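Okay, structure first, notes after.
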Amino acid sequence: MVMSADRNSGYVARSGGLIRIKRLANQAKSSLRSDLTRVLRPYAGWWGLVLLLVLLGWLAPPYISGEPRLVTPSDNANVAEAAAWRNGRLDLSVTPRDGAAMQGRYYNVFPPLWTVVSYAVLPLSPQGVPNRVVEAMLWWPAPFLVYLLGWRLTRQPVPAVAMSAALLLGTSYYPVLLAALRYGFVWHCNHALSQIGLLIFLLDYFGRRRIWMGAIGLLIAVWSRPLTVVYFAALAWAALDLPPDVRRRRIALAMPVVVLTLAVPLILNTLKFGNPFDSGYEYIYIGRTDFIAERAAHGLFGLRFVPDNIEHMTLGFPWFERREAVTRVHHDPFGAGLWWTSPLLLYVIVAAPAWWRDRARRRLLVPVACIVAAHLLYHNTGWLQPGYNRFSLDYIVVLLAVIAPFAFIGVYRWVSFGLIAWSVWYFQWITLAR
């Protein structure tokens, strides 16, 4: 009995020692984790940005602009207009695709920002705009701006990287950006540049609300995609939420930018077409007999176009052909459905009870609804856009900002990662397949 008691007491002592050692180890581990967190937390956002840049460096280089080349006046109507301005003219010396024909002359109908950029560049490169300039304008700012927006909305590096990848690699932004970088197409350059403006606007809208900064973002967007002018309504609502003294000061700083944003396109319309509200777009179909021109003959906007636009905005599936042991992808040239190519956007519906409680997010949906309505009524689906939907870039980044915090909470986070992976795979290996 004495030996048994001694054995038990020794076992208890050893057990107590192991427990104390385990407790000390857990305390050391917790302390180390706390110290690392305290040291690395200020840099967490930077690590996420590095991760995003590595991801983009892995996926994007084969499709970036490649060999140096020039975007000439024949390639891009905005470059042609800049060359005309340099010669003291408004009409173009070349006949671009989608140029407005009036009294034997051709005019540019696209918004003016790329014209302004080209006008500044042409003295240094008279034959055209180097594609390195296009790359510097469209590609290099995008990862930093979208990551900064993702970080501001989620305050976590992994969700910020995921949101950035969702926009840059998992939406129609990706093929549009690549077409702009590789070919300098006027449509794609304007779409891609508008994203830079919308990102700046959203950074201010969800940030300090300086208002003038958001107005500068919208100047870039509106001078690239005029329909984005409706986001000024959301910016005005944001200004009204500020304290009165702050509101007056910030609106005063923003008003010159707002006036400039609206006045320049109206003045150009007047000079070219005699009416500030005449963009000249209907004149691009004079003498054309293609099917888009036939649709435009019924009006640029109309209810008759809604069914087709709904179909190509929501469906637009590719089909596959296998011939001689090779599978080829054939895309619908009128566009691909938004919800199945970028299904993360379904959180607009799924997470509606969460984001609807936020007044700032609700307000953003008003201009988005106006843009979608205009797209549905428009005579053109966005053709030619095989495997993607370029018009959706007028609002995709805004919808991602609306859902970002809620798409990466709890179990939703893992579902979101899967949806983003699908979109990246689709746009990398299906949309770009020929």
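Identifiers for the structure tokens are assigned positionally: chains receive A, B, ... in sequence, residues are indexed from 1 per chain, and ligands are indexed from 1 in the order shown.
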
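Assigned to helix (DSSP H, G or I) in region 354-394 of chain A, given DSSP computed from backbone atoms, are A:Ala354, A:Trp355, A:Arg359, A:Ala360, A:Arg361, A:Arg362, A:Arg363, A:Leu364, A:Leu365, A:Val366, A:Pro367, A:Val368, A:Ala369, A:Cys370, A:Ile371, A:Val372, A:Ala373, A:Ala374, A:His375, A:Leu376, A:Leu377, A:Arg390, A:Phe391, A:Ser392, A:Leu393, A:Asp394.
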
Return as a Markdown table the residues of region 216-306 of chain A lying at most 8 Å from region 97-112 of chain A, together with the closest atom-to-atom pair for each and the distance in Å to one decimal, counting only C-alpha atoms, with rows in chain order and ascending residue number.
| residue | atom | partner | partner_atom | distance |
| --- | --- | --- | --- | --- |
| A:Val222 | CA | A:Pro111 | CA | 7.8 |
| A:Trp223 | CA | A:Pro111 | CA | 5.1 |
| A:Ser224 | CA | A:Pro111 | CA | 5.4 |
| A:Arg225 | CA | A:Pro111 | CA | 6.9 |
| A:Pro226 | CA | A:Pro111 | CA | 7.0 |
| A:Pro265 | CA | A:Pro111 | CA | 7.0 |
| A:Lys272 | CA | A:Tyr107 | CA | 7.2 |
| A:Ser279 | CA | A:Val109 | CA | 6.1 |
| A:Gly280 | CA | A:Val109 | CA | 5.8 |
| A:Tyr281 | CA | A:Val109 | CA | 5.9 |
| A:Glu282 | CA | A:Ala100 | CA | 7.6 |
| A:Tyr283 | CA | A:Ala100 | CA | 4.7 |
| A:Ile284 | CA | A:Ala100 | CA | 4.2 |
| A:Tyr285 | CA | A:Asp98 | CA | 7.7 |
| A:Ile286 | CA | A:Ala101 | CA | 6.6 |

Leu384 (chain A) surroundings by only C-alpha atoms, 9 Å radius, close-in-sequence under 4 positions cut, as a ChimeraX atom specification: /A:333-335

Residues from last step as file, N, CA, C and O atoms, as a CSV table (one decimal), in the first residue's frame:
chain,number,residue,atom,x,y,z
A,333,PRO,N,-20.5,36.2,-80.1
A,333,PRO,CA,-19.8,37.5,-80.4
A,333,PRO,C,-20.6,38.7,-79.8
A,333,PRO,O,-20.1,39.8,-79.7
A,334,PHE,N,-21.9,38.4,-79.4
A,334,PHE,CA,-22.7,39.5,-78.8
A,334,PHE,C,-22.5,39.6,-77.3
A,334,PHE,O,-23.1,40.5,-76.7
A,335,GLY,N,-21.7,38.7,-76.7
A,335,GLY,CA,-21.4,38.9,-75.3
A,335,GLY,C,-21.7,37.6,-74.5
A,335,GLY,O,-22.3,36.6,-75.0

Residue contacts of Trp58 (chain A) (12 Å, only C-alpha atoms) excluding same-chain residues fewer than 6 positions away, as a short mmCIF file (atom, residue, chain, number, x, y, z; two decimals) with N, CA and C atoms, in the first residue's frame:
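result28.cif written:
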data_model
loop_
_atom_site.label_atom_id
_atom_site.label_comp_id
_atom_site.auth_asym_id
_atom_site.auth_seq_id
_atom_site.Cartn_x
_atom_site.Cartn_y
_atom_site.Cartn_z
N LEU A 51 1.47 39.91 -52.66
CA LEU A 51 0.84 38.67 -53.13
C LEU A 51 0.04 38.92 -54.40
N LEU A 52 -0.69 40.02 -54.47
CA LEU A 52 -1.47 40.34 -55.67
C LEU A 52 -0.54 40.55 -56.87
N ILE A 64 0.37 40.84 -71.89
CA ILE A 64 0.66 42.27 -71.85
C ILE A 64 1.22 42.69 -73.21
N LEU A 169 -8.91 39.90 -62.83
CA LEU A 169 -8.75 38.64 -63.56
C LEU A 169 -10.05 37.87 -63.74
N GLN A 428 -9.28 33.36 -68.09
CA GLN A 428 -7.91 33.02 -68.51
C GLN A 428 -7.88 32.00 -69.62
#

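Using only C-alpha atoms, the nearest neighbour of Pro130 (chain A) within the list A:Ile220, A:Leu199, A:Leu148, A:Val117 is A:Val117.
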
Test item: residues at most 10 Å from Val372 (chain A), only C-alpha atoms, excluding those fewer than 6 positions along its chain, as a count of residues only: 6

Name all residues at most 9 Å from Pro159 (chain A) (count only C-alpha atoms; drop same-chain ones fewer than 2 positions away) and give them as a list in words. Gly48, Gly150, Trp151, Thr154, Arg155, Gln156, Pro157, Val161, Ala162, Met163, Ser164, Ala404, Pro405, Ala407, Phe408, Arg413 and Phe417 of chain A

Same residues, C-alpha atoms, saved as a tab-separated table (two decimals), in the first residue's frame:
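New file selection18.tsv:
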chain	number	residue	atom	x	y	z
A	48	GLY	CA	-1.30	41.40	-49.52
A	150	GLY	CA	-10.27	46.13	-51.23
A	151	TRP	CA	-8.17	46.86	-48.15
A	154	THR	CA	-12.31	44.61	-45.75
A	155	ARG	CA	-9.26	45.60	-43.65
A	156	GLN	CA	-7.78	42.16	-44.30
A	157	PRO	CA	-5.06	41.30	-46.81
A	161	VAL	CA	-6.30	40.24	-52.68
A	162	ALA	CA	-9.36	38.14	-53.51
A	163	MET	CA	-11.44	41.20	-54.39
A	164	SER	CA	-8.61	42.56	-56.53
A	404	ALA	CA	-16.98	43.18	-50.65
A	405	PRO	CA	-17.26	43.16	-46.84
A	407	ALA	CA	-18.65	38.18	-49.36
A	408	PHE	CA	-15.70	37.39	-47.08
A	413	ARG	CA	-15.53	33.47	-47.56
A	417	PHE	CA	-12.88	32.01	-53.09

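Counting only C-alpha atoms and comparing A:Val246, A:Ala238, A:Val259, A:Ile430, the residue that lies closest to Arg362 (chain A) is A:Ala238.
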
Env of Ala142 (chain A): 9 Å cut, atoms = only C-alpha atoms, seq-sep filter 4 positions within chain, self excluded. Answer as a PDB file with N, CA, C and O atoms, in the first residue's frame.
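Output (out30.pdb):
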ATOM      1  N   MET A 137      -0.888  54.067 -68.468  1.00  0.00           N
ATOM      2  CA  MET A 137      -2.172  54.666 -68.103  1.00  0.00           C
ATOM      3  C   MET A 137      -3.169  53.642 -67.592  1.00  0.00           C
ATOM      4  O   MET A 137      -3.928  53.908 -66.661  1.00  0.00           O
ATOM      5  N   LEU A 138      -3.181  52.458 -68.212  1.00  0.00           N
ATOM      6  CA  LEU A 138      -4.255  51.492 -67.959  1.00  0.00           C
ATOM      7  C   LEU A 138      -3.853  50.359 -67.026  1.00  0.00           C
ATOM      8  O   LEU A 138      -4.683  49.885 -66.247  1.00  0.00           O
ATOM      9  N   VAL A 146      -7.135  49.075 -57.021  1.00  0.00           N
ATOM     10  CA  VAL A 146      -8.156  48.100 -56.637  1.00  0.00           C
ATOM     11  C   VAL A 146      -7.779  47.418 -55.327  1.00  0.00           C
ATOM     12  O   VAL A 146      -8.649  47.116 -54.497  1.00  0.00           O
ATOM     13  N   TYR A 147      -6.484  47.183 -55.102  1.00  0.00           N
ATOM     14  CA  TYR A 147      -6.096  46.590 -53.818  1.00  0.00           C
ATOM     15  C   TYR A 147      -6.352  47.562 -52.670  1.00  0.00           C
ATOM     16  O   TYR A 147      -6.834  47.159 -51.602  1.00  0.00           O
ATOM     17  N   LEU A 168      -9.722  42.234 -61.495  1.00  0.00           N
ATOM     18  CA  LEU A 168      -8.688  42.312 -62.530  1.00  0.00           C
ATOM     19  C   LEU A 168      -8.628  41.068 -63.405  1.00  0.00           C
ATOM     20  O   LEU A 168      -8.319  41.158 -64.588  1.00  0.00           O
ATOM     21  N   GLN A 195     -12.275  52.557 -65.643  1.00  0.00           N
ATOM     22  CA  GLN A 195     -12.130  51.814 -64.389  1.00  0.00           C
ATOM     23  C   GLN A 195     -11.195  52.531 -63.422  1.00  0.00           C
ATOM     24  O   GLN A 195     -11.415  52.505 -62.204  1.00  0.00           O
ATOM     25  N   ILE A 196     -10.155  53.156 -63.956  1.00  0.00           N
ATOM     26  CA  ILE A 196      -9.260  53.928 -63.096  1.00  0.00           C
ATOM     27  C   ILE A 196     -10.037  55.044 -62.419  1.00  0.00           C
ATOM     28  O   ILE A 196      -9.907  55.281 -61.211  1.00  0.00           O
ATOM     29  N   LEU A 199     -12.476  53.638 -59.739  1.00  0.00           N
ATOM     30  CA  LEU A 199     -11.754  53.210 -58.532  1.00  0.00           C
ATOM     31  C   LEU A 199     -11.396  54.419 -57.663  1.00  0.00           C
ATOM     32  O   LEU A 199     -11.527  54.369 -56.429  1.00  0.00           O
TER      33      LEU A 199
END

Could you jot down the CA of Ser423 (chain A) to CA of Ser342 (chain A) separation for me, Å, one decimal place? 5.4 Å

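Between CA of Phe427 (chain A) and CA of Leu181 (chain A) the separation is 16.3 Å.
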
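CA of Ala166 (chain A) is positioned 5.6 Å from CA of Ile420 (chain A).
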
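Nearest residue to Pro141 (chain A), choosing from A:Thr289, A:Asn380, A:Val71, A:Gly197 and counting only C-alpha atoms: A:Gly197.
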
Counting only C-alpha atoms, which residue out of A:Val329, A:Leu55, A:Leu203, A:Ala360 sits closest to Leu153 (chain A)? A:Leu203
